[in-house]
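So this block is work-v6.txt, compact mmCIF, C-alpha atoms:
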```txt
# COMPACT_ATOMS: atom_id res chain seq x y z
CA MET A 1 -111.03 66.06 53.54
CA PRO A 2 -107.44 66.83 54.40
CA SER A 3 -104.89 64.05 53.56
CA THR A 4 -103.13 62.26 56.35
CA PRO A 5 -99.40 63.02 56.30
CA LYS A 6 -97.07 59.97 55.78
CA ARG A 7 -95.18 58.84 58.85
CA LYS A 8 -91.41 58.98 58.42
CA ARG A 9 -89.43 55.75 59.13
CA PRO A 10 -86.97 56.13 61.96
CA ALA A 11 -83.32 56.55 60.85
CA ALA A 12 -82.21 53.39 62.69
CA ALA A 13 -84.80 51.27 60.84
CA ARG A 14 -83.70 52.71 57.51
CA ASP A 15 -80.07 51.79 58.27
CA VAL A 16 -81.02 48.21 59.15
CA HIS A 17 -83.01 47.72 55.95
CA PHE A 18 -80.21 49.23 53.89
CA ALA A 19 -77.65 46.89 55.46
CA LEU A 20 -79.88 43.89 54.82
CA ALA A 21 -80.29 44.91 51.19
CA LEU A 22 -76.52 45.13 50.81
CA LEU A 23 -76.04 41.69 52.32
CA VAL A 24 -78.65 40.13 50.02
CA THR A 25 -77.11 41.81 46.99
CA ALA A 26 -73.62 40.60 47.96
CA ALA A 27 -74.88 37.03 48.47
CA VAL A 28 -76.57 37.05 45.07
CA LEU A 29 -73.41 38.35 43.39
CA LEU A 30 -71.27 35.69 45.08
CA ALA A 31 -73.67 32.94 43.99
CA LEU A 32 -73.72 34.21 40.42
CA SER A 33 -69.92 34.41 40.40
CA ALA A 34 -69.57 30.84 41.71
CA THR A 35 -72.08 29.57 39.15
CA ALA A 36 -70.21 31.28 36.31
CA ARG A 37 -66.89 29.94 37.57
CA ASP A 38 -68.25 26.37 37.71
CA ALA A 39 -69.68 26.73 34.22
CA ARG A 40 -66.33 27.91 32.88
CA ALA A 41 -64.58 25.01 34.62
CA ARG A 42 -66.99 22.49 33.08
CA GLN A 43 -66.57 24.09 29.67
CA GLN A 44 -62.77 24.02 29.90
CA GLY A 45 -62.59 20.58 31.50
CA GLY A 46 -61.48 18.99 28.22
CA THR A 47 -58.51 21.34 27.82
CA ARG A 48 -57.52 22.17 31.37
CA GLN A 49 -54.05 20.88 32.26
CA ARG A 50 -53.76 18.16 34.86
CA VAL A 51 -52.22 19.20 38.17
CA GLU A 52 -49.13 17.03 38.35
CA LYS A 53 -48.10 15.27 41.53
CA PRO A 54 -44.45 15.48 42.49
CA PRO A 55 -42.41 12.52 41.18
CA GLU A 56 -42.27 9.58 43.52
CA VAL A 57 -41.15 5.98 43.75
CA ILE A 58 -44.21 3.77 44.05
CA ASP A 59 -44.99 0.08 43.92
CA ASP A 60 -46.97 -1.71 41.25
CA GLU A 61 -50.18 -1.93 43.25
CA ASP A 62 -50.34 1.86 42.96
CA VAL A 63 -49.41 1.70 39.27
CA LEU A 64 -52.56 -0.29 38.56
CA LYS A 65 -54.69 2.58 39.87
CA ILE A 66 -53.25 5.24 37.55
CA ASP A 67 -55.37 6.19 34.53
CA THR A 68 -54.59 5.19 30.96
CA ASP A 69 -53.39 8.66 29.90
CA LEU A 70 -50.10 7.76 31.56
CA VAL A 71 -47.25 6.80 29.18
CA LEU A 72 -44.78 4.18 30.45
CA VAL A 73 -41.15 4.02 29.27
CA ASP A 74 -38.84 1.11 30.15
CA VAL A 75 -35.29 2.40 30.67
CA THR A 76 -31.95 0.63 31.11
CA VAL A 77 -29.05 2.72 32.48
CA THR A 78 -25.41 1.62 32.13
CA ASP A 79 -22.06 3.10 33.15
CA ALA A 80 -19.02 3.67 30.94
CA GLY A 81 -18.12 -0.01 31.25
CA GLY A 82 -21.56 -1.17 30.11
CA ARG A 83 -22.60 -2.31 33.60
CA PRO A 84 -26.20 -1.75 34.71
CA VAL A 85 -26.68 1.13 37.17
CA ARG A 86 -29.19 0.69 39.96
CA GLY A 87 -30.48 2.88 42.77
CA LEU A 88 -31.43 5.98 40.73
CA ARG A 89 -34.29 8.24 41.83
CA PRO A 90 -36.92 10.12 39.77
CA GLU A 91 -34.98 13.37 40.09
CA ASP A 92 -31.97 11.72 38.42
CA PHE A 93 -33.84 11.51 35.11
CA LYS A 94 -34.98 14.08 32.58
CA LEU A 95 -37.75 13.10 30.19
CA TYR A 96 -38.60 14.99 26.99
CA GLU A 97 -41.55 14.75 24.61
CA ASP A 98 -40.97 16.44 21.25
CA GLY A 99 -38.04 18.26 22.86
CA GLU A 100 -40.10 19.68 25.75
CA GLU A 101 -39.36 18.47 29.27
CA ARG A 102 -42.17 16.60 31.01
CA ALA A 103 -42.54 15.94 34.73
CA VAL A 104 -41.75 12.34 35.71
CA ALA A 105 -45.02 11.17 37.28
CA PHE A 106 -43.47 8.12 38.90
CA LEU A 107 -40.50 5.77 38.82
CA ASN A 108 -40.98 2.03 39.23
CA VAL A 109 -37.82 0.15 40.17
CA GLU A 110 -36.62 -3.35 39.28
CA ARG A 111 -36.61 -4.49 42.89
CA ARG A 112 -38.81 -3.15 45.66
CA GLU A 113 -38.93 -4.54 49.18
CA GLY A 114 -37.17 -7.74 48.12
CA SER A 115 -39.52 -8.54 45.24
CA GLU A 116 -37.99 -8.79 41.76
CA ARG A 117 -39.88 -7.70 38.67
CA PRO A 118 -41.52 -10.63 36.80
CA VAL A 119 -40.44 -11.33 33.21
CA ALA A 120 -41.79 -13.05 30.11
CA VAL A 121 -39.26 -13.89 27.38
CA VAL A 122 -39.67 -15.40 23.91
CA PHE A 123 -36.58 -17.09 22.42
CA ALA A 124 -36.74 -16.88 18.62
CA VAL A 125 -34.03 -19.07 17.06
CA ASP A 126 -32.89 -19.03 13.44
CA VAL A 127 -32.75 -22.62 12.10
CA SER A 128 -32.27 -21.69 8.45
CA GLY A 129 -29.14 -23.81 7.99
CA SER A 130 -26.20 -21.51 8.68
CA MET A 131 -25.91 -22.68 12.28
CA THR A 132 -23.65 -25.68 12.84
CA PRO A 133 -24.83 -28.68 14.95
CA GLU A 134 -22.17 -27.84 17.53
CA GLU A 135 -23.46 -24.29 17.83
CA MET A 136 -27.00 -25.58 18.16
CA ALA A 137 -25.99 -27.73 21.15
CA ARG A 138 -24.09 -24.87 22.80
CA LEU A 139 -27.02 -22.56 22.20
CA GLN A 140 -29.41 -24.92 23.96
CA SER A 141 -27.12 -24.96 26.98
CA ALA A 142 -26.84 -21.16 26.94
CA MET A 143 -30.61 -20.64 26.87
CA ARG A 144 -30.91 -22.96 29.87
CA ALA A 145 -28.32 -20.78 31.64
CA PHE A 146 -30.40 -17.71 30.76
CA SER A 147 -33.55 -19.19 32.33
CA GLU A 148 -31.62 -20.38 35.40
CA LYS A 149 -30.28 -16.85 35.91
CA LEU A 150 -33.89 -15.69 36.30
CA SER A 151 -35.01 -18.56 38.55
CA ASN A 152 -35.16 -16.26 41.59
CA ARG A 153 -38.13 -14.32 40.19
CA PRO A 154 -41.50 -15.01 38.53
CA ALA A 155 -40.43 -15.86 34.98
CA SER A 156 -41.92 -17.65 32.01
CA PHE A 157 -40.40 -18.55 28.65
CA ALA A 158 -41.59 -19.45 25.17
CA LEU A 159 -39.56 -20.91 22.30
CA MET A 160 -39.93 -20.27 18.57
CA SER A 161 -37.90 -21.40 15.58
CA PHE A 162 -37.84 -19.66 12.21
CA GLY A 163 -36.42 -20.10 8.76
CA MET A 164 -38.85 -20.58 5.88
CA SER A 165 -41.59 -19.90 8.46
CA ALA A 166 -41.99 -19.26 12.18
CA LYS A 167 -43.12 -22.06 14.52
CA ILE A 168 -43.98 -22.02 18.20
CA LEU A 169 -42.25 -24.99 19.81
CA GLN A 170 -43.29 -24.12 23.37
CA SER A 171 -45.77 -21.53 24.57
CA PHE A 172 -45.10 -19.75 27.86
CA THR A 173 -44.06 -22.01 30.69
CA SER A 174 -42.32 -21.68 34.04
CA ASP A 175 -41.45 -25.37 34.03
CA PRO A 176 -37.72 -25.81 33.20
CA HIS A 177 -38.34 -29.42 32.08
CA LYS A 178 -40.82 -28.28 29.41
CA LEU A 179 -38.36 -25.68 28.18
CA ASP A 180 -35.58 -28.30 28.04
CA HIS A 181 -37.79 -30.64 26.05
CA ALA A 182 -38.63 -27.85 23.60
CA LEU A 183 -34.94 -26.94 23.19
CA GLU A 184 -34.19 -30.54 22.28
CA ARG A 185 -36.70 -30.26 19.42
CA LEU A 186 -34.83 -27.42 17.74
CA ALA A 187 -33.88 -28.67 14.28
CA ARG A 188 -31.97 -27.09 11.41
CA GLU A 189 -33.56 -26.52 8.01
CA ASN A 190 -30.68 -27.75 5.85
CA ASN A 191 -32.26 -26.55 2.63
CA GLY A 192 -33.85 -23.37 3.93
CA LEU A 193 -33.88 -20.60 1.32
CA SER A 194 -35.17 -17.75 3.50
CA THR A 195 -34.86 -16.32 6.99
CA HIS A 196 -38.09 -14.74 8.17
CA ALA A 197 -36.58 -12.91 11.13
CA TYR A 198 -38.94 -9.90 11.18
CA ASP A 199 -41.97 -12.14 10.75
CA ALA A 200 -40.78 -14.28 13.67
CA VAL A 201 -40.22 -11.28 15.94
CA ASP A 202 -43.65 -9.95 14.98
CA ASP A 203 -45.19 -13.32 15.90
CA ALA A 204 -43.27 -13.26 19.19
CA VAL A 205 -44.62 -9.80 20.05
CA ARG A 206 -48.15 -10.99 19.29
CA LEU A 207 -47.61 -14.04 21.49
CA LEU A 208 -46.50 -11.80 24.36
CA VAL A 209 -49.59 -9.60 23.95
CA ARG A 210 -51.93 -12.61 23.94
CA LYS A 211 -50.33 -14.76 26.61
CA ALA A 212 -48.25 -12.47 28.86
CA PRO A 213 -50.36 -9.80 30.61
CA SER A 214 -48.77 -6.43 31.29
CA THR A 215 -49.00 -7.03 35.05
CA LEU A 216 -48.47 -10.06 37.25
CA ASP A 217 -49.22 -10.18 40.98
CA HIS A 218 -49.56 -6.38 41.05
CA ARG A 219 -46.15 -5.88 39.42
CA LEU A 220 -45.36 -4.56 35.95
CA LEU A 221 -44.21 -7.40 33.71
CA LYS A 222 -41.01 -7.04 31.69
CA ARG A 223 -41.67 -8.44 28.19
CA ALA A 224 -38.79 -9.26 25.85
CA VAL A 225 -37.84 -11.18 22.70
CA VAL A 226 -34.36 -12.70 22.37
CA VAL A 227 -33.74 -13.41 18.68
CA VAL A 228 -30.76 -15.56 17.61
CA THR A 229 -30.11 -15.10 13.90
CA ASP A 230 -27.54 -14.44 11.21
CA GLY A 231 -28.68 -10.83 11.00
CA PHE A 232 -29.62 -11.21 7.30
CA PRO A 233 -33.44 -11.47 7.09
CA VAL A 234 -34.74 -12.74 3.75
CA GLY A 235 -38.31 -13.15 2.51
CA ASP A 236 -40.16 -11.35 5.32
CA VAL A 237 -43.74 -10.18 4.86
CA VAL A 238 -43.72 -7.70 7.75
CA SER A 239 -41.46 -4.63 7.52
CA PRO A 240 -39.01 -3.67 10.30
CA SER A 241 -40.84 -0.38 10.91
CA THR A 242 -44.12 -2.21 11.49
CA VAL A 243 -42.48 -4.62 13.95
CA ILE A 244 -40.90 -1.69 15.82
CA GLU A 245 -44.23 0.11 16.07
CA ARG A 246 -46.01 -3.00 17.35
CA ALA A 247 -43.24 -3.73 19.84
CA ASN A 248 -43.39 -0.15 21.16
CA GLU A 249 -47.15 -0.32 21.57
CA ALA A 250 -46.83 -3.63 23.45
CA GLU A 251 -43.88 -2.33 25.55
CA VAL A 252 -41.66 -5.18 24.33
CA SER A 253 -37.86 -4.95 24.07
CA ILE A 254 -35.99 -6.90 21.37
CA TYR A 255 -32.50 -8.34 21.99
CA SER A 256 -30.41 -10.00 19.29
CA VAL A 257 -27.57 -12.54 19.47
CA THR A 258 -25.27 -13.18 16.51
CA LEU A 259 -23.29 -16.42 16.72
CA PRO A 260 -19.68 -16.94 15.51
CA SER A 261 -20.62 -18.79 12.33
CA TYR A 262 -22.43 -15.64 11.23
CA SER A 263 -20.10 -13.01 12.62
CA ARG A 264 -17.13 -14.59 10.80
CA LEU A 265 -18.86 -13.58 7.58
CA LEU A 266 -18.68 -9.96 8.68
CA ALA A 267 -15.14 -9.73 10.09
CA PRO A 268 -12.12 -12.07 10.31
CA ALA A 269 -12.26 -14.45 13.27
CA SER A 270 -8.95 -13.08 14.52
CA ALA A 271 -10.08 -9.47 14.44
CA GLU A 272 -10.33 -7.85 17.83
CA ARG A 273 -12.83 -5.27 16.69
CA ALA A 274 -16.56 -5.99 16.67
CA PRO A 275 -18.06 -7.37 13.45
CA LEU A 276 -19.64 -4.95 11.04
CA PRO A 277 -23.36 -4.24 11.71
CA THR A 278 -25.79 -6.65 10.07
CA PRO A 279 -28.94 -5.57 8.19
CA LEU A 280 -30.89 -6.54 11.32
CA ASP A 281 -28.72 -4.15 13.38
CA VAL A 282 -29.12 -1.35 10.85
CA SER A 283 -32.92 -1.73 10.79
CA GLY A 284 -33.14 -0.24 14.29
CA LEU A 285 -35.28 -3.13 15.52
CA VAL A 286 -33.15 -3.57 18.64
CA GLU A 287 -32.10 0.03 19.25
CA LYS A 288 -35.63 1.47 18.93
CA THR A 289 -37.15 -1.05 21.33
CA GLY A 290 -34.59 -0.63 24.12
CA GLY A 291 -32.76 -3.93 23.60
CA GLU A 292 -29.14 -4.72 22.79
CA ASN A 293 -27.17 -6.39 19.99
CA VAL A 294 -24.55 -8.88 21.16
CA TYR A 295 -22.06 -11.02 19.20
CA ALA A 296 -20.85 -14.35 20.50
CA ASN A 297 -17.13 -14.81 19.83
CA THR A 298 -16.19 -17.81 21.96
CA LYS A 299 -17.19 -21.44 22.16
CA ASP A 300 -18.89 -20.91 25.52
CA TYR A 301 -22.11 -18.93 25.10
CA GLU A 302 -23.32 -19.32 28.67
CA PRO A 303 -21.57 -16.23 30.14
CA LEU A 304 -22.97 -14.13 27.29
CA PHE A 305 -26.53 -15.34 27.89
CA ARG A 306 -26.23 -14.86 31.67
CA ALA A 307 -25.09 -11.27 31.08
CA LEU A 308 -27.98 -10.81 28.66
CA ALA A 309 -30.41 -12.04 31.32
CA GLU A 310 -28.97 -9.41 33.67
CA GLU A 311 -29.54 -6.75 30.98
CA VAL A 312 -33.15 -7.80 30.44
CA THR A 313 -33.98 -7.38 34.12
CA SER A 314 -31.97 -4.22 34.90
CA THR A 315 -34.67 -1.70 34.09
CA TYR A 316 -36.54 1.28 35.46
CA VAL A 317 -40.06 2.24 34.41
CA LEU A 318 -40.63 5.99 34.04
CA ALA A 319 -44.06 7.49 33.42
CA PHE A 320 -45.40 10.87 32.32
CA TYR A 321 -48.64 12.57 31.29
CA PRO A 322 -48.60 14.04 27.77
CA PRO A 323 -50.36 17.42 27.37
CA GLU A 324 -54.08 17.06 26.78
CA GLU A 325 -53.85 18.28 23.18
CA LYS A 326 -51.37 15.48 22.28
CA ARG A 327 -53.28 12.60 23.83
CA ARG A 328 -55.96 12.43 21.15
CA ASP A 329 -54.28 13.91 18.08
CA GLY A 330 -53.49 10.58 16.38
CA ARG A 331 -49.87 11.68 15.75
CA SER A 332 -46.53 10.21 16.76
CA HIS A 333 -44.42 12.13 19.28
CA THR A 334 -40.78 11.53 20.15
CA ILE A 335 -39.67 10.50 23.65
CA ARG A 336 -36.15 10.98 24.98
CA VAL A 337 -34.84 10.09 28.44
CA GLU A 338 -31.61 11.44 29.94
CA ALA A 339 -29.72 10.08 32.96
CA PRO A 340 -26.94 11.78 34.96
CA ARG A 341 -23.79 12.74 33.07
CA GLY A 342 -21.52 9.82 32.21
CA LEU A 343 -24.34 7.26 32.10
CA SER A 344 -25.94 5.79 28.99
CA VAL A 345 -29.66 5.22 28.53
CA ARG A 346 -31.58 2.69 26.45
CA GLN A 347 -35.37 3.01 26.28
CA ASN A 348 -37.92 0.51 25.01
CA ARG A 349 -39.78 3.13 23.00
CA THR A 350 -38.72 6.36 21.34
CA THR A 351 -42.18 7.47 20.22
CA VAL A 352 -45.71 7.61 21.58
CA LYS A 353 -48.80 7.98 19.42
CA GLY A 354 -51.85 9.92 20.49
CA SER A 355 -55.10 8.00 20.23
CA GLU A 356 -57.55 8.83 17.44
CA LYS A 357 -60.31 11.30 18.32
```
Give the structure from the file, written as structure tokens.
Amino acid sequence: MPSTPKRKRPAAARDVHFALALLVTAAVLLALSATARDARARQQGGTRQRVEKPPEVIDDEDVLKIDTDLVLVDVTVTDAGGRPVRGLRPEDFKLYEDGEERAVAFLNVERREGSERPVAVVFAVDVSGSMTPEEMARLQSAMRAFSEKLSNRPASFALMSFGMSAKILQSFTSDPHKLDHALERLARENNGLSTHAYDAVDDAVRLLVRKAPSTLDHRLLKRAVVVVTDGFPVGDVVSPSTVIERANEAEVSIYSVTLPSYSRLLAPASAERAPLPTPLDVSGLVEKTGGENVYANTKDYEPLFRALAEEVTSTYVLAFYPPEEKRRDGRSHTIRVEAPRGLSVRQNRTTVKGSEK
């Protein structure tokens, strides 16, 4: 029986089927490409660099929403005369980590829309015996002047004394009467044989961590220790380097005040030059936490303490994201901030440590 010849498909039908096959093939290839791209993105998610936002000035309510990879640096900027400089913008600063410039993620200013930055300050006072009764009375008055200078903002104060040991005379309070009462209880240790300055500052930093949260009413809290001492620590258990590291981690700045009875031991009272640096100065405790060393050289300490209060509150907060590989390496990395030419910068931390993996 003769075979039936196959019917040929019309040319138009063949073209349609061919076009459909091409479309299906292209769709499959696009899907496979997208799947592969997503897989690569998931695989590289741990090492992919974050897309940085342009630097901006923001308020603290926004700060609270930023993730914990962000590193904050408190910065004080002064002019050639030592006066605080305000009104700078993010683009006025350069920030370096291990010598490499990092983008400034945001700049938080001291005052925004009429609201001053809240502060928490611990006064740590040396009572080891070198201070005269007259100086003690003038010091009490000066610390009151310091707190009054900050009365226009949310502020709380604590008072410690130290000599043979450190004692908390008043935990944090915003009540000026409680602070006055605590200042009246300051008493000299006439026979004190040691001055545990580093131990006292370490206790003050711990007190700030426990009792003074990093934010208050959606604003970053400025945390500081003002230590009044002879600058010659004796008998401490904690080393200066440990105190510096703990202060940096807690974002606490240390300020020191040396009174005339101590500074006369370092330079003649009639000398116009500043006294020689004390062991406390040389330790870097103040410099490496963004604070300032000041020497009282008159009988009236109040102007000095008012100026110091201005220093404590004249700060910017800069922030940056370290590279992914440095965030979890467990190592210390240096931080350096530069301001416009002719201005000086003090920062509350000079290193940041990556968390342990």
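If you look at CA of Val85 (chain A) and CA of Val337 (chain A), they are 14.9 Å away from each other.
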Close residues, Pro213 (chain A) itself excluded, 10 Å, all atoms listed in the file, min 5 positions apart in chain, as a short mmCIF file (atom, residue, chain, number, x, y, z; two decimals) with C-alpha atoms, in the frame of the given file:
```cif
data_model
loop_
_atom_site.label_atom_id
_atom_site.label_comp_id
_atom_site.auth_asym_id
_atom_site.auth_seq_id
_atom_site.Cartn_x
_atom_site.Cartn_y
_atom_site.Cartn_z
CA ALA A 120 -41.79 -13.05 30.11
CA LEU A 208 -46.50 -11.80 24.36
CA LEU A 220 -45.36 -4.56 35.95
CA LEU A 221 -44.21 -7.40 33.71
CA LYS A 222 -41.01 -7.04 31.69
CA ARG A 223 -41.67 -8.44 28.19
#
```
Nearest-residue call for Asn293 (chain A), choices A:Leu276, A:Leu207, A:Val77, A:Val127, using only C-alpha atoms: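 Of A:Leu276, A:Leu207, A:Val77, A:Val127, the one nearest Asn293 (chain A), counting only C-alpha atoms, is A:Leu276.
Of the residues under consideration (A:Phe157, A:Phe106, A:Tyr316, A:Phe162), A:Phe162 shows the shortest atom-to-atom contact distance to Ser128 (chain A) when counting only C-alpha atoms.
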Length of the CA of Asn348 (chain A) to CA of Gln170 (chain A) vector [Å]: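 So the two atoms, CA of Asn348 (chain A) and CA of Gln170 (chain A), lie 25.3 Å apart.
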Residue nearest Leu107 (chain A) among A:Leu159, A:Leu318, A:Ala339, A:Leu186 (counting all atoms listed in the file):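 When distances to Leu107 (chain A) are compared using all atoms listed in the file, the smallest one comes from A:Leu318.
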Shell around Leu216 (chain A) at 12 Å using all atoms listed in the file, local window under 3 positions removed, as a PyMOL selection string: chain A and resi 60-61+63-64+116-120+153-156+211-213+219-223
Build an axis-aligned box that encloses every atom of region 310-326 of chain A listed in the file, pad it by 6 Å on each side, and report its centre and edge lengths in Å to one decimal, as AutoDock Vina command-line options.
```
--center_x -41.5 --center_y 4.4 --center_z 28.9 --size_x 37.1 --size_y 39.7 --size_z 25.2
```
